[in-house]
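K.L.:
Sharing a structure below in C-alpha cells format, with a few things to ask.
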Amino acid sequence: MRDWPACHLDWCAGGWEGVVPLRPLSPTDVPRVKAYRKHVQEDTPAPVLLWRVTPFDGWALLDGHDRAVAALAEGRTPPCVVLYRAPDDEDWRRTADELTEAHEQRMRQFAERPQTPERQRAVLETAYEDTLSSLPYDEAPTLTWPLPGGAPTWDDLAARAVFECPRD
C-alpha cells in the first residue's frame, strides 16, 4: 500500500496478500532512502520486518519502511523477515527445544576449545538454523478480539500514539 492511508483493502477477490505499512512511506528522494538505495544497488540491504496478519490476508510492515521504499524504487522486492504465529504443537516445541539444547551444548564445547576455527563455528550455526527452519509447521491464525469502546477508543489510542511519535 504505497498511498497510505488513502488506500482501500479489498478481500472480495479471494485474497489480498498485500503489505500494510504502519506509517506513511517516505518519498524516494529523502536522504535516508537515498542511502538505503545504495545498499540495494550493492546487494547489501537489511531486511524489513513483516508480521503475517491472517484477518486481512496480508502483512503489516513493522520495521524498515524506508528500506522497503528504497528497494521498490530500485525495482526490487525488499528482503523480508516474516513473523508468524506458530501453532501450539507440543511435539514441534519439544523437537525444537531438543535441537536448541544440543546446539547450545556443542557451542559451549567449542567455547572451551579456543583453537576451534571460526569456520567450523559458522558451519555449526548454519546447520542449526537450517535444521530448525526445516521443521514442519503450519501457521496459526492471528488472534483478534473486539476493542472495548470500539472505534472511538481506537481513535483515541491512535491519536495518542501519533503524538508520541510525531515523525511517523
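In the C-alpha cells, the first chain shown is A, the next is B, and so on; residue numbers restart at 1 for each chain, and ligands run from 1 in the order shown.
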Give me, as JSON, numbers by chain, the residues of chain A that a backbone DSSP run labels strand (DSSP E or B).
P.N.:
{"A": [19, 20, 21, 48, 49, 50, 51, 52, 53, 58, 59, 60, 61, 62, 63, 80, 81, 82, 83]}
K.L.:
Which neighbours of region 92-103 of chain A fall inside 9 Å, counting only C-alpha atoms, when residues of the same chain fewer than 3 positions from it are skipped, and could you give them as an NGL selection string?
P.N.:
:A and (88-89 or 106-108 or 124-125 or 128 or 131-132 or 135-137)
K.L.:
Keeping only N, CA and C atoms, write those residues as a PDB file, in the first residue's frame.
P.N.:
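Saved result, again.pdb, follows:
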```pdb
ATOM      1  N   ASP A  88       0.273 -24.045  18.583  1.00  0.00           N
ATOM      2  CA  ASP A  88       0.622 -24.665  19.866  1.00  0.00           C
ATOM      3  C   ASP A  88       0.733 -26.171  19.647  1.00  0.00           C
ATOM      4  N   ASP A  89       1.927 -26.612  19.273  1.00  0.00           N
ATOM      5  CA  ASP A  89       2.172 -28.015  18.956  1.00  0.00           C
ATOM      6  C   ASP A  89       3.265 -28.521  19.894  1.00  0.00           C
ATOM      7  N   ARG A 106      26.949 -27.993  22.059  1.00  0.00           N
ATOM      8  CA  ARG A 106      28.081 -28.007  21.123  1.00  0.00           C
ATOM      9  C   ARG A 106      28.817 -26.665  21.128  1.00  0.00           C
ATOM     10  N   MET A 107      28.068 -25.583  21.189  1.00  0.00           N
ATOM     11  CA  MET A 107      28.704 -24.267  21.200  1.00  0.00           C
ATOM     12  C   MET A 107      29.505 -24.050  22.488  1.00  0.00           C
ATOM     13  N   ARG A 108      29.005 -24.555  23.605  1.00  0.00           N
ATOM     14  CA  ARG A 108      29.778 -24.468  24.858  1.00  0.00           C
ATOM     15  C   ARG A 108      31.075 -25.267  24.744  1.00  0.00           C
ATOM     16  N   LEU A 124      28.478 -24.837  12.026  1.00  0.00           N
ATOM     17  CA  LEU A 124      27.577 -25.363  13.047  1.00  0.00           C
ATOM     18  C   LEU A 124      26.355 -24.459  13.223  1.00  0.00           C
ATOM     19  N   GLU A 125      26.577 -23.151  13.233  1.00  0.00           N
ATOM     20  CA  GLU A 125      25.458 -22.206  13.352  1.00  0.00           C
ATOM     21  C   GLU A 125      24.502 -22.348  12.168  1.00  0.00           C
ATOM     22  N   TYR A 128      22.443 -25.530  12.386  1.00  0.00           N
ATOM     23  CA  TYR A 128      21.369 -25.398  13.375  1.00  0.00           C
ATOM     24  C   TYR A 128      20.215 -24.578  12.796  1.00  0.00           C
ATOM     25  N   THR A 131      18.354 -26.625  10.148  1.00  0.00           N
ATOM     26  CA  THR A 131      17.576 -27.713  10.731  1.00  0.00           C
ATOM     27  C   THR A 131      16.324 -27.184  11.413  1.00  0.00           C
ATOM     28  N   LEU A 132      16.483 -26.134  12.203  1.00  0.00           N
ATOM     29  CA  LEU A 132      15.332 -25.577  12.916  1.00  0.00           C
ATOM     30  C   LEU A 132      14.306 -25.002  11.939  1.00  0.00           C
ATOM     31  N   LEU A 135      11.850 -27.585  10.247  1.00  0.00           N
ATOM     32  CA  LEU A 135      10.810 -28.298  10.985  1.00  0.00           C
ATOM     33  C   LEU A 135       9.453 -27.964  10.378  1.00  0.00           C
ATOM     34  N   PRO A 136       8.616 -28.961  10.173  1.00  0.00           N
ATOM     35  CA  PRO A 136       7.312 -28.683   9.560  1.00  0.00           C
ATOM     36  C   PRO A 136       6.373 -27.987  10.538  1.00  0.00           C
ATOM     37  N   TYR A 137       5.700 -26.988  10.048  1.00  0.00           N
ATOM     38  CA  TYR A 137       4.681 -26.327  10.848  1.00  0.00           C
ATOM     39  C   TYR A 137       3.741 -25.559   9.936  1.00  0.00           C
TER      40      TYR A 137
END
```
K.L.:
When distances are computed from only C-alpha atoms, which of A:Asp91, A:Thr126, A:Leu50, A:Ala111 shows the smallest separation from Val20 (chain A)?
P.N.:
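Using only C-alpha atoms, Val20 (chain A) sits closest to A:Leu50.
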K.L.:
To test your reading of the structure, identify every residue in chain A that backbone DSSP assigns to helix (DSSP H, G or I), and report it as a PyMOL selection string.
P.N.:
chain A and resi 31-41+54-56+65-73+90-112+118-133+150-164
K.L.:
With C-alpha atoms retained, export the selected residues as a CSV table (one decimal), in the first residue's frame.
P.N.:
```csv
chain,number,residue,atom,x,y,z
A,31,PRO,CA,18.4,11.4,2.2
A,32,ARG,CA,17.7,8.3,4.3
A,33,VAL,CA,16.0,6.5,1.4
A,34,LYS,CA,18.8,7.5,-0.9
A,35,ALA,CA,21.3,5.9,1.5
A,36,TYR,CA,19.3,2.7,1.5
A,37,ARG,CA,19.1,2.7,-2.3
A,38,LYS,CA,22.9,2.5,-2.4
A,39,HIS,CA,22.7,-0.6,-0.2
A,40,VAL,CA,20.1,-2.1,-2.5
A,41,GLN,CA,22.3,-1.4,-5.5
A,54,THR,CA,-4.4,-13.5,8.8
A,55,PRO,CA,-7.6,-11.5,9.3
A,56,PHE,CA,-6.6,-9.1,6.5
A,65,HIS,CA,9.6,1.4,5.9
A,66,ASP,CA,12.4,3.4,4.3
A,67,ARG,CA,14.4,0.2,3.3
A,68,ALA,CA,11.2,-1.0,1.6
A,69,VAL,CA,10.8,2.2,-0.3
A,70,ALA,CA,14.5,2.1,-1.4
A,71,ALA,CA,14.2,-1.5,-2.7
A,72,LEU,CA,10.9,-0.7,-4.6
A,73,ALA,CA,12.5,2.5,-6.0
A,90,GLU,CA,3.8,-29.9,21.8
A,91,ASP,CA,5.8,-32.3,19.6
A,92,TRP,CA,7.2,-29.4,17.5
A,93,ARG,CA,8.1,-27.4,20.6
A,94,ARG,CA,9.8,-30.5,22.2
A,95,THR,CA,11.8,-31.2,19.0
A,96,ALA,CA,12.9,-27.5,18.7
A,97,ASP,CA,13.9,-27.4,22.4
A,98,GLU,CA,16.0,-30.6,22.0
A,99,LEU,CA,17.7,-29.2,18.9
A,100,THR,CA,18.4,-26.0,20.6
A,101,GLU,CA,19.8,-27.7,23.8
A,102,ALA,CA,22.1,-29.9,21.7
A,103,HIS,CA,23.3,-26.9,19.7
A,104,GLU,CA,24.0,-24.8,22.8
A,105,GLN,CA,25.9,-27.8,24.3
A,106,ARG,CA,28.1,-28.0,21.1
A,107,MET,CA,28.7,-24.3,21.2
A,108,ARG,CA,29.8,-24.5,24.9
A,109,GLN,CA,32.2,-27.2,23.9
A,110,PHE,CA,33.6,-25.1,21.1
A,111,ALA,CA,34.0,-22.2,23.6
A,112,GLU,CA,36.1,-24.4,25.8
A,118,GLU,CA,35.8,-19.8,13.2
A,119,ARG,CA,34.7,-21.5,10.0
A,120,GLN,CA,33.7,-24.6,12.0
A,121,ARG,CA,31.6,-22.5,14.3
A,122,ALA,CA,29.9,-20.8,11.4
A,123,VAL,CA,29.1,-24.1,9.8
A,124,LEU,CA,27.6,-25.4,13.0
A,125,GLU,CA,25.5,-22.2,13.4
A,126,THR,CA,24.2,-22.5,9.8
A,127,ALA,CA,23.4,-26.2,10.3
A,128,TYR,CA,21.4,-25.4,13.4
A,129,GLU,CA,19.5,-22.6,11.6
A,130,ASP,CA,18.8,-24.8,8.6
A,131,THR,CA,17.6,-27.7,10.7
A,132,LEU,CA,15.3,-25.6,12.9
A,133,SER,CA,13.8,-23.7,9.9
A,150,GLY,CA,-15.0,0.3,19.7
A,151,ALA,CA,-13.9,2.8,17.1
A,152,PRO,CA,-13.9,5.9,19.4
A,153,THR,CA,-11.4,4.1,21.8
A,154,TRP,CA,-9.2,3.1,18.8
A,155,ASP,CA,-9.2,6.7,17.5
A,156,ASP,CA,-8.2,8.0,20.9
A,157,LEU,CA,-5.4,5.4,21.2
A,158,ALA,CA,-4.1,6.1,17.7
A,159,ALA,CA,-4.1,9.9,18.3
A,160,ARG,CA,-2.0,9.4,21.4
A,161,ALA,CA,0.4,7.1,19.6
A,162,VAL,CA,0.9,9.6,16.8
A,163,PHE,CA,1.5,12.4,19.4
A,164,GLU,CA,4.3,10.2,21.0
```
K.L.:
For Leu83 (chain A), which residue among A:Asp57, A:Gly64, A:Leu25, A:Trp51 is the nearest when counting only C-alpha atoms?
P.N.:
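For Leu83 (chain A), the nearest of the given residues is A:Trp51.
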K.L.:
In Å, how far is it from CA of Leu62 (chain A) to CA of Glu42 (chain A)?
P.N.:
24.0 Å
K.L.:
Pick out the residues sitting within 10 Å of Leu143 (chain A), and hand them over as a PyMOL selection string; count only C-alpha atoms, and ignore anything fewer than 2 positions along from it in its own chain.
P.N.:
chain A and resi 53-55+85+140-141+145
K.L.:
Which is closest to Asp63 (chain A) among A:Pro47, A:Pro79, A:Pro27, A:Gly149, if we use only C-alpha atoms?
P.N.:
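Once distances to Asp63 (chain A) are computed over only C-alpha atoms, the minimum belongs to A:Pro47.
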K.L.:
Please indicate the distance in Å from CA of Pro45 (chain A) to CA of Pro78 (chain A), rounded to one decimal place.
P.N.:
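Separating CA of Pro45 (chain A) from CA of Pro78 (chain A) is a distance of 7.9 Å.
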K.L.:
Measuring atom to atom with only C-alpha atoms, identify which of A:Leu147, A:Leu61, A:Leu49, A:Met1 is nearest to Val82 (chain A).
P.N.:
A:Leu49
K.L.:
Have a look at A:Asp29, A:Glu17, A:Asp43, A:Glu74 and name the one nearest to Ala60 (chain A); count only C-alpha atoms.
P.N.:
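For Ala60 (chain A), the nearest of the given residues is A:Glu17.
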